[in-house]
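S.K.: The structure that follows is given in the form of structure tokens.
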Amino acid sequence: MNRVFVIFIFLSFFSFSQKKDIAKNKVFGERLIANNFLEFADADKMDSLRAEVVDSFNIYNAHNHRIAAIDAEELAELNFDFFIPELNKILAKRKYHLEVKIQEDFESSFEIIINNEKIKLFTKNELEDYSFWDTAPRNFFKKVNKLLVDNGIKEQFYLLYSGNDLNTMLLTDLQAKIISEYYNFKQSEIPYLP
């Protein structure tokens with residue numbers, strides 16, 4: 001009898017926990033959608049994307065035109081072809097385009113050019129102490145965010161995760177706040193400004 005009682009308690013708790021998660025997903029998913037999260041999503045995928053956001057808070061579908069895999073190593077090693085096409089696909093929905101060029105003297109200057117503006121990706125010290133994997137993406141996206149603001153775009157690129165798992169999400173401040181509130185107890189899932 002005790003064993004049956006323990007199983008009953010476990011199943012009751014599990015059921016309660018699932019209902020709580022479903023309610024949380026719906027509340028935060030609806031808030032995100034009400035704040036234009038799917039504004040640039042593929043029209044033919046709108047119903048399924050909406051269901052993903054509301055039912056399971058899946059905000060990581062590329063068809064919403066907000067998220068892209070970056071990989072900090074690829075960025076720091078100047079493999080821009082790895083992620084720039086995906087960023088430009090997202091930005092095209094906002095009528096914006098990134099052009100990235102590597103300076104001829106990059107090995108000494110550590111500078112690149114984004115839309116005709118120079119930026120230093122990292123310093124010699126950061127290269128030597130291997131912190132350039134963190135610094136390069138932050139400097140890159142700080143500059144891109146400044147360019148977006150200068151061009152009247154009200155979204156910024158937030159970073160998500162780090163290293164080879166680095167992703168970026170293009171969000172408004174309010175969308176980022178909603179996601180942050182949703183993941184309040186899971187800091188590693190919260191997108192952060194560079």
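Residue names in the structure tokens use chain letters A, B, ... in the order shown, residue numbers from 1 in each chain, and ligand numbers from 1 in the order shown.
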Looking only at the backbone, which of the residues in chain A does DSSP tag as strand (DSSP E or B), as a list in words?

M.R.: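 Residues of chain A classed as strand (DSSP E or B): Ile67, Ala68, Ala69, Val100, Lys101, Ile102, Glu111, Ile112, Ile113, Ile114, Glu117, Lys118, Ile119, Lys120, Gln156, Phe157, Tyr158, Leu159, Leu160, Asn167, Thr168, Met169, Leu170, Leu171 and Tyr192 of chain A.
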
S.K.: I'd like the neighbourhood of Ile178 of chain A as a PyMOL selection string, where a residue qualifies if any of its atoms comes within 9 Å (using only C-alpha atoms), though same-chain residues fewer than 3 positions away should be ignored.

M.R.: chain A and resi 28-29+31-32+173-175+181-183

S.K.: Produce a file of the selected residues containing all heavy atoms, as a PDB file, in the first residue's frame.

M.R.:
ATOM      1  N   PHE A  28       3.684  33.227 -21.357  1.00  0.00           N
ATOM      2  CA  PHE A  28       4.851  33.906 -21.911  1.00  0.00           C
ATOM      3  C   PHE A  28       4.861  33.863 -23.439  1.00  0.00           C
ATOM      4  O   PHE A  28       5.273  34.821 -24.088  1.00  0.00           O
ATOM      5  CB  PHE A  28       6.143  33.326 -21.327  1.00  0.00           C
ATOM      6  CG  PHE A  28       6.437  33.824 -19.952  1.00  0.00           C
ATOM      7  CD1 PHE A  28       5.985  33.135 -18.830  1.00  0.00           C
ATOM      8  CD2 PHE A  28       7.143  34.996 -19.753  1.00  0.00           C
ATOM      9  CE1 PHE A  28       6.241  33.597 -17.554  1.00  0.00           C
ATOM     10  CE2 PHE A  28       7.405  35.478 -18.483  1.00  0.00           C
ATOM     11  CZ  PHE A  28       6.954  34.778 -17.376  1.00  0.00           C
ATOM     12  N   GLY A  29       4.414  32.752 -24.015  1.00  0.00           N
ATOM     13  CA  GLY A  29       4.340  32.655 -25.466  1.00  0.00           C
ATOM     14  C   GLY A  29       3.390  33.683 -26.053  1.00  0.00           C
ATOM     15  O   GLY A  29       3.703  34.350 -27.046  1.00  0.00           O
ATOM     16  N   ARG A  31       2.500  36.506 -24.641  1.00  0.00           N
ATOM     17  CA  ARG A  31       3.111  37.838 -24.456  1.00  0.00           C
ATOM     18  C   ARG A  31       4.127  38.123 -25.553  1.00  0.00           C
ATOM     19  O   ARG A  31       4.176  39.229 -26.105  1.00  0.00           O
ATOM     20  CB  ARG A  31       3.811  37.925 -23.090  1.00  0.00           C
ATOM     21  CG  ARG A  31       2.880  38.231 -21.941  1.00  0.00           C
ATOM     22  CD  ARG A  31       3.614  38.352 -20.627  1.00  0.00           C
ATOM     23  NE  ARG A  31       4.564  39.455 -20.611  1.00  0.00           N
ATOM     24  CZ  ARG A  31       5.586  39.545 -19.758  1.00  0.00           C
ATOM     25  NH1 ARG A  31       5.792  38.594 -18.849  1.00  0.00           N
ATOM     26  NH2 ARG A  31       6.415  40.578 -19.797  1.00  0.00           N
ATOM     27  N   LEU A  32       4.950  37.131 -25.865  1.00  0.00           N
ATOM     28  CA  LEU A  32       5.972  37.303 -26.899  1.00  0.00           C
ATOM     29  C   LEU A  32       5.330  37.567 -28.250  1.00  0.00           C
ATOM     30  O   LEU A  32       5.741  38.486 -28.976  1.00  0.00           O
ATOM     31  CB  LEU A  32       6.852  36.045 -26.937  1.00  0.00           C
ATOM     32  CG  LEU A  32       8.280  36.180 -27.388  1.00  0.00           C
ATOM     33  CD1 LEU A  32       9.021  37.299 -26.694  1.00  0.00           C
ATOM     34  CD2 LEU A  32       9.014  34.861 -27.194  1.00  0.00           C
ATOM     35  N   ASP A 173      13.997  45.137 -27.119  1.00  0.00           N
ATOM     36  CA  ASP A 173      14.285  45.093 -25.678  1.00  0.00           C
ATOM     37  C   ASP A 173      13.171  44.382 -24.915  1.00  0.00           C
ATOM     38  O   ASP A 173      13.433  43.606 -23.994  1.00  0.00           O
ATOM     39  CB  ASP A 173      14.468  46.507 -25.117  1.00  0.00           C
ATOM     40  CG  ASP A 173      15.740  47.170 -25.623  1.00  0.00           C
ATOM     41  OD1 ASP A 173      16.660  46.457 -26.072  1.00  0.00           O
ATOM     42  OD2 ASP A 173      15.819  48.414 -25.558  1.00  0.00           O
ATOM     43  N   LEU A 174      11.921  44.619 -25.305  1.00  0.00           N
ATOM     44  CA  LEU A 174      10.793  44.003 -24.607  1.00  0.00           C
ATOM     45  C   LEU A 174      10.747  42.494 -24.843  1.00  0.00           C
ATOM     46  O   LEU A 174      10.495  41.715 -23.917  1.00  0.00           O
ATOM     47  CB  LEU A 174       9.470  44.651 -25.033  1.00  0.00           C
ATOM     48  CG  LEU A 174       8.232  44.182 -24.277  1.00  0.00           C
ATOM     49  CD1 LEU A 174       8.407  44.296 -22.761  1.00  0.00           C
ATOM     50  CD2 LEU A 174       7.020  44.971 -24.725  1.00  0.00           C
ATOM     51  N   GLN A 175      11.031  42.054 -26.063  1.00  0.00           N
ATOM     52  CA  GLN A 175      11.070  40.612 -26.338  1.00  0.00           C
ATOM     53  C   GLN A 175      12.165  39.943 -25.503  1.00  0.00           C
ATOM     54  O   GLN A 175      11.952  38.872 -24.926  1.00  0.00           O
ATOM     55  CB  GLN A 175      11.303  40.362 -27.826  1.00  0.00           C
ATOM     56  CG  GLN A 175      10.131  40.754 -28.694  1.00  0.00           C
ATOM     57  CD  GLN A 175      10.500  40.880 -30.161  1.00  0.00           C
ATOM     58  OE1 GLN A 175      11.669  40.765 -30.556  1.00  0.00           O
ATOM     59  NE2 GLN A 175       9.492  41.131 -30.986  1.00  0.00           N
ATOM     60  N   GLU A 181      12.467  36.844 -18.366  1.00  0.00           N
ATOM     61  CA  GLU A 181      11.529  36.511 -17.291  1.00  0.00           C
ATOM     62  C   GLU A 181      11.133  35.039 -17.350  1.00  0.00           C
ATOM     63  O   GLU A 181      11.008  34.379 -16.324  1.00  0.00           O
ATOM     64  CB  GLU A 181      10.276  37.393 -17.384  1.00  0.00           C
ATOM     65  CG  GLU A 181      10.531  38.830 -17.007  1.00  0.00           C
ATOM     66  CD  GLU A 181       9.332  39.732 -17.299  1.00  0.00           C
ATOM     67  OE1 GLU A 181       8.246  39.222 -17.669  1.00  0.00           O
ATOM     68  OE2 GLU A 181       9.488  40.956 -17.157  1.00  0.00           O
ATOM     69  N   TYR A 182      10.936  34.517 -18.553  1.00  0.00           N
ATOM     70  CA  TYR A 182      10.565  33.108 -18.717  1.00  0.00           C
ATOM     71  C   TYR A 182      11.651  32.202 -18.148  1.00  0.00           C
ATOM     72  O   TYR A 182      11.367  31.222 -17.474  1.00  0.00           O
ATOM     73  CB  TYR A 182      10.320  32.792 -20.194  1.00  0.00           C
ATOM     74  CG  TYR A 182       9.956  31.342 -20.436  1.00  0.00           C
ATOM     75  CD1 TYR A 182       8.639  30.918 -20.305  1.00  0.00           C
ATOM     76  CD2 TYR A 182      10.923  30.407 -20.780  1.00  0.00           C
ATOM     77  CE1 TYR A 182       8.298  29.593 -20.519  1.00  0.00           C
ATOM     78  CE2 TYR A 182      10.590  29.081 -20.996  1.00  0.00           C
ATOM     79  CZ  TYR A 182       9.279  28.672 -20.861  1.00  0.00           C
ATOM     80  OH  TYR A 182       8.947  27.344 -21.059  1.00  0.00           O
ATOM     81  N   TYR A 183      12.903  32.526 -18.457  1.00  0.00           N
ATOM     82  CA  TYR A 183      14.039  31.707 -18.021  1.00  0.00           C
ATOM     83  C   TYR A 183      14.660  32.223 -16.728  1.00  0.00           C
ATOM     84  O   TYR A 183      15.844  31.989 -16.475  1.00  0.00           O
ATOM     85  CB  TYR A 183      15.097  31.652 -19.117  1.00  0.00           C
ATOM     86  CG  TYR A 183      14.695  30.777 -20.276  1.00  0.00           C
ATOM     87  CD1 TYR A 183      14.512  31.311 -21.544  1.00  0.00           C
ATOM     88  CD2 TYR A 183      14.507  29.417 -20.104  1.00  0.00           C
ATOM     89  CE1 TYR A 183      14.142  30.511 -22.611  1.00  0.00           C
ATOM     90  CE2 TYR A 183      14.141  28.607 -21.162  1.00  0.00           C
ATOM     91  CZ  TYR A 183      13.957  29.157 -22.409  1.00  0.00           C
ATOM     92  OH  TYR A 183      13.589  28.355 -23.461  1.00  0.00           O
TER      93      TYR A 183
END

S.K.: For Thr168 of chain A, find every residue with an atom within 7 Å (counting only C-alpha atoms), except residues of its own chain fewer than 6 positions away, and show them as a VMD selection string.

M.R.: chain A and resid 67 to 70 157 to 160

S.K.: Using only C-alpha atoms, which residues sit within 12 Å of Ile59 of chain A once same-chain residues fewer than 3 positions away are excluded, as number ranges by chain?

M.R.: A: 25, 28-30, 32-33, 37-38, 41, 48-56, 62-68, 168-171, 175-176, 178-179, 182, 189-191

S.K.: Of the candidates A:Lys45, A:Lys120, A:Arg94, A:Lys186, which shows the shortest atom-to-atom distance to Glu155 of chain A, using only C-alpha atoms?

M.R.: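 Closest residue, counting only C-alpha atoms: A:Arg94.
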
S.K.: Which residues come within 10 Å of Glu74 of chain A, counting only C-alpha atoms, excluding same-chain residues fewer than 6 positions away, as a ChimeraX atom specification?

M.R.: /A:80-83,133,137,163-164,166

S.K.: Restricting it to all heavy atoms, dump the selection as a PDB file, in the first residue's frame.

M.R.:
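As written to disk, selection.pdb reads:
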ATOM      1  N   PHE A  80      33.651  34.224 -41.843  1.00  0.00           N
ATOM      2  CA  PHE A  80      32.385  34.927 -41.892  1.00  0.00           C
ATOM      3  C   PHE A  80      31.366  34.254 -42.810  1.00  0.00           C
ATOM      4  O   PHE A  80      30.164  34.404 -42.609  1.00  0.00           O
ATOM      5  CB  PHE A  80      32.600  36.386 -42.301  1.00  0.00           C
ATOM      6  CG  PHE A  80      33.450  37.135 -41.320  1.00  0.00           C
ATOM      7  CD1 PHE A  80      34.705  37.616 -41.678  1.00  0.00           C
ATOM      8  CD2 PHE A  80      33.009  37.348 -40.022  1.00  0.00           C
ATOM      9  CE1 PHE A  80      35.487  38.300 -40.764  1.00  0.00           C
ATOM     10  CE2 PHE A  80      33.780  38.028 -39.102  1.00  0.00           C
ATOM     11  CZ  PHE A  80      35.028  38.505 -39.478  1.00  0.00           C
ATOM     12  N   ASP A  81      31.835  33.506 -43.795  1.00  0.00           N
ATOM     13  CA  ASP A  81      30.907  32.800 -44.685  1.00  0.00           C
ATOM     14  C   ASP A  81      30.084  31.763 -43.926  1.00  0.00           C
ATOM     15  O   ASP A  81      29.047  31.322 -44.406  1.00  0.00           O
ATOM     16  CB  ASP A  81      31.653  32.120 -45.835  1.00  0.00           C
ATOM     17  CG  ASP A  81      32.221  33.115 -46.823  1.00  0.00           C
ATOM     18  OD1 ASP A  81      31.757  34.281 -46.822  1.00  0.00           O
ATOM     19  OD2 ASP A  81      33.126  32.746 -47.589  1.00  0.00           O
ATOM     20  N   PHE A  82      30.536  31.399 -42.733  1.00  0.00           N
ATOM     21  CA  PHE A  82      29.815  30.424 -41.916  1.00  0.00           C
ATOM     22  C   PHE A  82      28.475  30.972 -41.427  1.00  0.00           C
ATOM     23  O   PHE A  82      27.502  30.244 -41.332  1.00  0.00           O
ATOM     24  CB  PHE A  82      30.689  30.000 -40.719  1.00  0.00           C
ATOM     25  CG  PHE A  82      30.028  29.025 -39.800  1.00  0.00           C
ATOM     26  CD1 PHE A  82      29.989  27.671 -40.106  1.00  0.00           C
ATOM     27  CD2 PHE A  82      29.423  29.451 -38.623  1.00  0.00           C
ATOM     28  CE1 PHE A  82      29.370  26.768 -39.261  1.00  0.00           C
ATOM     29  CE2 PHE A  82      28.805  28.554 -37.769  1.00  0.00           C
ATOM     30  CZ  PHE A  82      28.771  27.213 -38.092  1.00  0.00           C
ATOM     31  N   PHE A  83      28.418  32.266 -41.116  1.00  0.00           N
ATOM     32  CA  PHE A  83      27.195  32.805 -40.502  1.00  0.00           C
ATOM     33  C   PHE A  83      26.644  34.087 -41.127  1.00  0.00           C
ATOM     34  O   PHE A  83      25.471  34.405 -40.943  1.00  0.00           O
ATOM     35  CB  PHE A  83      27.404  33.038 -38.997  1.00  0.00           C
ATOM     36  CG  PHE A  83      28.439  34.065 -38.677  1.00  0.00           C
ATOM     37  CD1 PHE A  83      28.092  35.391 -38.534  1.00  0.00           C
ATOM     38  CD2 PHE A  83      29.771  33.697 -38.516  1.00  0.00           C
ATOM     39  CE1 PHE A  83      29.057  36.355 -38.238  1.00  0.00           C
ATOM     40  CE2 PHE A  83      30.729  34.644 -38.216  1.00  0.00           C
ATOM     41  CZ  PHE A  83      30.377  35.976 -38.074  1.00  0.00           C
ATOM     42  N   TRP A 133      38.065  34.394 -28.180  1.00  0.00           N
ATOM     43  CA  TRP A 133      36.845  33.674 -28.567  1.00  0.00           C
ATOM     44  C   TRP A 133      35.613  34.340 -27.965  1.00  0.00           C
ATOM     45  O   TRP A 133      34.541  34.289 -28.529  1.00  0.00           O
ATOM     46  CB  TRP A 133      36.917  32.231 -28.095  1.00  0.00           C
ATOM     47  CG  TRP A 133      37.647  31.313 -29.010  1.00  0.00           C
ATOM     48  CD1 TRP A 133      38.655  31.631 -29.858  1.00  0.00           C
ATOM     49  CD2 TRP A 133      37.423  29.925 -29.152  1.00  0.00           C
ATOM     50  NE1 TRP A 133      39.087  30.520 -30.516  1.00  0.00           N
ATOM     51  CE2 TRP A 133      38.341  29.445 -30.095  1.00  0.00           C
ATOM     52  CE3 TRP A 133      36.553  29.028 -28.564  1.00  0.00           C
ATOM     53  CZ2 TRP A 133      38.405  28.120 -30.478  1.00  0.00           C
ATOM     54  CZ3 TRP A 133      36.619  27.701 -28.943  1.00  0.00           C
ATOM     55  CH2 TRP A 133      37.532  27.255 -29.893  1.00  0.00           C
ATOM     56  N   PRO A 137      33.230  37.906 -30.704  1.00  0.00           N
ATOM     57  CA  PRO A 137      31.787  38.008 -30.941  1.00  0.00           C
ATOM     58  C   PRO A 137      31.150  39.221 -30.264  1.00  0.00           C
ATOM     59  O   PRO A 137      30.265  39.868 -30.832  1.00  0.00           O
ATOM     60  CB  PRO A 137      31.217  36.714 -30.347  1.00  0.00           C
ATOM     61  CG  PRO A 137      32.358  35.778 -30.278  1.00  0.00           C
ATOM     62  CD  PRO A 137      33.575  36.620 -30.100  1.00  0.00           C
ATOM     63  N   GLY A 163      31.142  29.999 -27.045  1.00  0.00           N
ATOM     64  CA  GLY A 163      32.013  29.038 -27.721  1.00  0.00           C
ATOM     65  C   GLY A 163      31.409  28.526 -29.016  1.00  0.00           C
ATOM     66  O   GLY A 163      30.798  29.268 -29.775  1.00  0.00           O
ATOM     67  N   ASN A 164      31.579  27.223 -29.243  1.00  0.00           N
ATOM     68  CA  ASN A 164      31.067  26.615 -30.477  1.00  0.00           C
ATOM     69  C   ASN A 164      29.545  26.591 -30.531  1.00  0.00           C
ATOM     70  O   ASN A 164      28.965  26.406 -31.590  1.00  0.00           O
ATOM     71  CB  ASN A 164      31.609  25.186 -30.632  1.00  0.00           C
ATOM     72  CG  ASN A 164      33.110  25.174 -30.789  1.00  0.00           C
ATOM     73  OD1 ASN A 164      33.821  24.754 -29.887  1.00  0.00           O
ATOM     74  ND2 ASN A 164      33.603  25.661 -31.905  1.00  0.00           N
ATOM     75  N   LEU A 166      27.681  29.192 -29.684  1.00  0.00           N
ATOM     76  CA  LEU A 166      27.208  30.568 -29.730  1.00  0.00           C
ATOM     77  C   LEU A 166      26.131  30.746 -30.807  1.00  0.00           C
ATOM     78  O   LEU A 166      26.297  30.321 -31.944  1.00  0.00           O
ATOM     79  CB  LEU A 166      28.360  31.534 -30.000  1.00  0.00           C
ATOM     80  CG  LEU A 166      27.993  33.019 -30.018  1.00  0.00           C
ATOM     81  CD1 LEU A 166      27.605  33.493 -28.620  1.00  0.00           C
ATOM     82  CD2 LEU A 166      29.154  33.845 -30.553  1.00  0.00           C
TER      83      LEU A 166
END

S.K.: Please provide the set of residues having any atom within 12 Å of Asn115 of chain A, restricted to only C-alpha atoms, with same-chain residues fewer than 2 positions apart removed, written as a PyMOL selection string.

M.R.: chain A and resi 96-102+112-113+117-119+140+143-144+146-148+151

S.K.: From the list A:Phe57, A:Phe122, A:Lys26, A:Asn36, which residue is nearest Arg138 of chain A when using only C-alpha atoms?

M.R.: A:Phe122

S.K.: Atom CA of Thr135 of chain A to atom CA of Ser188 of chain A: how many Å, to one decimal?

M.R.: 18.3 Å

S.K.: From a DSSP pass on the backbone, collect the residues of segment 39-188 of chain A flagged as alpha helix (DSSP H) and hand them back as a ChimeraX atom specification.

M.R.: /A:46-56,72-76,84-92,106-109,124-128,132-150,173-182

S.K.: May I have the residues within 9 Å of Asp134 of chain A as an MDAnalysis selection string, using only C-alpha atoms and disregarding those fewer than 2 positions away in the same chain?

M.R.: chainID A and resid 72:73 76 130:132 136:139 162:163
